[in-house]
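K.L.:
Could you have a look at this structure, given as structure tokens, before my questions?
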Amino acid sequence: MKGSEHRNSALDSIWEAAIEAVSGYRAVVNALQSDPAFRPDQVIAVGKAASGMCLGALDNLPACDALVVTKYGHVDAELRERERVTAIESAHPIPDQNSLVAGHALLERTFTMPPESRLLLLISGGASALAEALPADMSLDDLQAQTDAMIAGGKTIAEINAWRKQHSMIKDGKLIEAFKGREVRVYAISDVEGDSIATIGSGLGDPHRASVMAAARVIASNGIARARAEQKAQELGLEVRVNEETLYGDVFELAAVIGDTLRNAEPGVYIWGGEPTVVLPDNPGRGGRNQSLALAISEHLRGLDHISLLVAGTDGSDGPTTAAGGLVDGSTWSNKRAARAALKRADAGPYLEKRGALFITGPTNTNVMDLAIAIVDAR
């Protein structure tokens, strides 16, 4: 037990350091410090990290108006107290009516800015679902059904976003196209493989259609989070054996590969980043891809008392749950029948919760995909 507690404490420290390195607030402050001449008349922030990103901007810029679009429960209390800030909360991962309200608010704010105005657009993961403006031939019901089908079918975020770009009035650079001011800057926190501005938020901040001065850059990513995780592990006196962005593909295929790696691993820290996929059954239970992956890997660790593994979404939420993921070890797979049934139903959450293995952080004000971090002690 002592070894497990020590490993879990170290995993918490490594996780917190990684998240802090890519926090929305810090990332925006760093970006503004490297771009001191830009002074916007309007700040628009969209995504799960929108609240922290907006605060980072407002605390380091002259007073200006701001529009924030984020997930329900993700608006910081401090931001609510600010003057000249409008906040809209909507649904993720399946858009709702408020997502359409948010999309039209984005278009109105952007289109009505004066000719000489400057816009700072802050984009983070989740933006695709949180704000939408639909073409005339598509209803909200159509959007929800198609989004649900793609997620349940295990489509990657790149595949989902490609579809969204084709069926939106604001994605794929169309929002910036509506801006008729003087200049726009886009700072983005990447939650996609390859960190492409054209893919983050389904291209909500892509400037390729702009008719004005426009520049976009990624200010936080999974790579930055993993680099800080490695640094923190070294500060704790641990050797990092693996640090790579290979956490892609089906959760069960990944579980077999990672589980085999850890069972035969040398002592040290193992770090993976990315965003796995899971094919959902009809009427799935309570548990996202990270909880499923953590539980599936725990089968390969059963009976081992020298390994602990954390798998979690960096935004603090995993699928339609309030947990970020799971923190498992060799004792987690204690009821084979119940564990396999939970995975089959996509219901890993209750199983992990009963074993004290749910990892809960609350909103983190960032979103750079997922992290899997393991600590292997000497046998």
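Quick note on naming: the chains in the structure tokens go A, B, ... in the order shown, residues restart at 1 in each chain, and ligands are numbered from 1 in order of appearance.
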Name the residues in contact with segment 226-238 of chain A at a cut-off of 6 Å, using only C-alpha atoms, excluding same-chain residues fewer than 4 positions from it; report them as an MDAnalysis selection string.
P.N.:
chainID A and resid 14 18 268
K.L.:
I need the residues in segment 79-265 of chain A that are strand (DSSP E) according to DSSP; give them as JSON, numbers by chain.
P.N.:
{"A": [85, 86, 87, 88, 89, 90, 118, 119, 120, 121, 122, 123, 183, 184, 185, 186, 187, 188, 189, 213, 214, 215, 216, 217, 218, 219, 220, 240, 241, 242, 243, 244, 245, 246, 247]}
K.L.:
If you run DSSP on this backbone, which residues of segment 146-286 of chain A come out as alpha helix (DSSP H), and could you give them as JSON, numbers by chain?
P.N.:
{"A": [146, 147, 148, 149, 150, 151, 152, 157, 158, 159, 160, 161, 162, 163, 164, 165, 166, 174, 175, 176, 177, 222, 223, 224, 225, 226, 227, 228, 229, 230, 231, 232, 233, 234, 235, 251, 252, 253, 254, 255, 256, 257, 258, 259, 260, 261, 262, 263]}
K.L.:
Smallest atom-to-atom distance to Ala57 of chain A: which of A:Gln42, A:Asn290, A:Thr70, A:Thr110, using only C-alpha atoms?
P.N.:
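Nearest to Ala57 of chain A: A:Gln42.
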K.L.:
Residues at most 12 Å from Asn60 of chain A, counting only C-alpha atoms, excluding those fewer than 6 positions away in the same chain, as a PDB file with C-alpha atoms, in the first residue's frame?
P.N.:
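That gives us result-v7.pdb:
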```pdb
ATOM      1  CA  TYR A  25      -4.495  31.775 -18.486  1.00  0.00           C
ATOM      2  CA  ARG A  26      -0.742  31.206 -18.647  1.00  0.00           C
ATOM      3  CA  VAL A  28      -2.484  33.651 -23.268  1.00  0.00           C
ATOM      4  CA  VAL A  29      -0.320  35.759 -20.967  1.00  0.00           C
ATOM      5  CA  ASN A  30       2.813  34.289 -22.548  1.00  0.00           C
ATOM      6  CA  ALA A  31       1.442  34.932 -26.030  1.00  0.00           C
ATOM      7  CA  LEU A  32       0.563  38.555 -25.288  1.00  0.00           C
ATOM      8  CA  GLN A  33       3.992  39.188 -23.800  1.00  0.00           C
ATOM      9  CA  ASP A  35       3.118  40.271 -29.063  1.00  0.00           C
ATOM     10  CA  PRO A  36       3.054  43.559 -27.084  1.00  0.00           C
ATOM     11  CA  PHE A  38      -1.330  44.175 -30.512  1.00  0.00           C
ATOM     12  CA  ARG A  39      -4.152  45.838 -28.605  1.00  0.00           C
ATOM     13  CA  PRO A  40      -7.613  44.446 -29.451  1.00  0.00           C
ATOM     14  CA  VAL A  43     -11.868  39.555 -27.141  1.00  0.00           C
ATOM     15  CA  MET A  53      -7.945  32.270 -21.685  1.00  0.00           C
ATOM     16  CA  CYS A  54     -10.233  35.299 -21.502  1.00  0.00           C
TER      17      CYS A  54
END
```
K.L.:
Residues within 10 Å of Val212 of chain A, please, as a short mmCIF file (atom, residue, chain, number, x, y, z; two decimals) with C-alpha atoms, in the first residue's frame. Count only C-alpha atoms; anything in the same chain fewer than 6 positions from it doesn't count.
P.N.:
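Result file is around_26.cif:
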```
data_model
loop_
_atom_site.label_atom_id
_atom_site.label_comp_id
_atom_site.auth_asym_id
_atom_site.auth_seq_id
_atom_site.Cartn_x
_atom_site.Cartn_y
_atom_site.Cartn_z
CA ILE A 176 -13.03 35.30 -39.55
CA GLU A 177 -14.28 35.89 -43.09
CA PHE A 179 -14.80 40.15 -39.72
CA LYS A 180 -14.52 43.48 -41.56
CA GLY A 181 -12.27 45.30 -39.13
CA ARG A 182 -8.56 46.00 -39.48
CA GLU A 183 -6.75 43.07 -37.88
CA VAL A 184 -7.38 39.75 -36.14
#
```
K.L.:
Do you have, as CSV, the list of residues of segment 3-114 of chain A lying at most 8 Å from segment 128-146 of chain A, each with its nearest atom pair and that distance in Å to one decimal, counting only C-alpha atoms and ordered by chain then number?
P.N.:
```
residue,atom,partner,partner_atom,distance
A:Val46,CA,A:Leu130,CA,7.6
A:Gly47,CA,A:Leu130,CA,6.8
A:Val69,CA,A:Leu130,CA,6.9
A:Thr70,CA,A:Leu130,CA,6.4
A:Lys71,CA,A:Leu130,CA,6.7
A:Glu89,CA,A:Leu130,CA,7.7
A:Ser90,CA,A:Leu130,CA,5.4
A:Ala91,CA,A:Leu130,CA,5.8
A:His92,CA,A:Ala129,CA,5.6
A:Pro93,CA,A:Ala129,CA,5.8
A:Ile94,CA,A:Gln144,CA,5.9
A:Pro95,CA,A:Ala129,CA,4.9
A:Asp96,CA,A:Leu140,CA,7.3
A:Gln97,CA,A:Leu140,CA,7.3
A:Asn98,CA,A:Ala131,CA,7.9
A:Ser99,CA,A:Ala131,CA,4.4
A:Leu100,CA,A:Glu132,CA,5.0
A:Val101,CA,A:Ala131,CA,7.6
A:Ala102,CA,A:Ala131,CA,5.1
A:Gly103,CA,A:Glu132,CA,4.3
A:His104,CA,A:Ala133,CA,5.9
```
K.L.:
What does the file look like for those residues with C-alpha atoms, as a PDB file, in the first residue's frame?
P.N.:
```pdb
ATOM      1  CA  VAL A  46     -14.550  29.842 -27.403  1.00  0.00           C
ATOM      2  CA  GLY A  47     -13.919  26.378 -25.958  1.00  0.00           C
ATOM      3  CA  VAL A  69     -18.497  30.677 -25.002  1.00  0.00           C
ATOM      4  CA  THR A  70     -17.760  27.602 -22.924  1.00  0.00           C
ATOM      5  CA  LYS A  71     -19.181  24.390 -21.489  1.00  0.00           C
ATOM      6  CA  GLU A  89     -22.637  28.253 -21.697  1.00  0.00           C
ATOM      7  CA  SER A  90     -23.613  25.382 -23.979  1.00  0.00           C
ATOM      8  CA  ALA A  91     -23.335  21.621 -24.375  1.00  0.00           C
ATOM      9  CA  HIS A  92     -20.466  19.299 -25.180  1.00  0.00           C
ATOM     10  CA  PRO A  93     -19.926  16.898 -26.917  1.00  0.00           C
ATOM     11  CA  ILE A  94     -23.443  16.989 -28.409  1.00  0.00           C
ATOM     12  CA  PRO A  95     -24.483  20.578 -29.325  1.00  0.00           C
ATOM     13  CA  ASP A  96     -27.719  22.019 -27.937  1.00  0.00           C
ATOM     14  CA  GLN A  97     -29.887  25.080 -28.519  1.00  0.00           C
ATOM     15  CA  ASN A  98     -27.426  27.263 -26.610  1.00  0.00           C
ATOM     16  CA  SER A  99     -24.716  26.163 -29.055  1.00  0.00           C
ATOM     17  CA  LEU A 100     -26.764  27.820 -31.800  1.00  0.00           C
ATOM     18  CA  VAL A 101     -27.303  30.905 -29.640  1.00  0.00           C
ATOM     19  CA  ALA A 102     -23.545  31.075 -29.151  1.00  0.00           C
ATOM     20  CA  GLY A 103     -22.797  30.623 -32.849  1.00  0.00           C
ATOM     21  CA  HIS A 104     -25.072  33.486 -33.860  1.00  0.00           C
TER      22      HIS A 104
END
```
K.L.:
For atom CA of Phe111 of chain A and atom CA of Ile160 of chain A, determine how far apart the two atoms are, in Å to one decimal place.
P.N.:
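Separating atom CA of Phe111 of chain A from atom CA of Ile160 of chain A is a distance of 26.8 Å.
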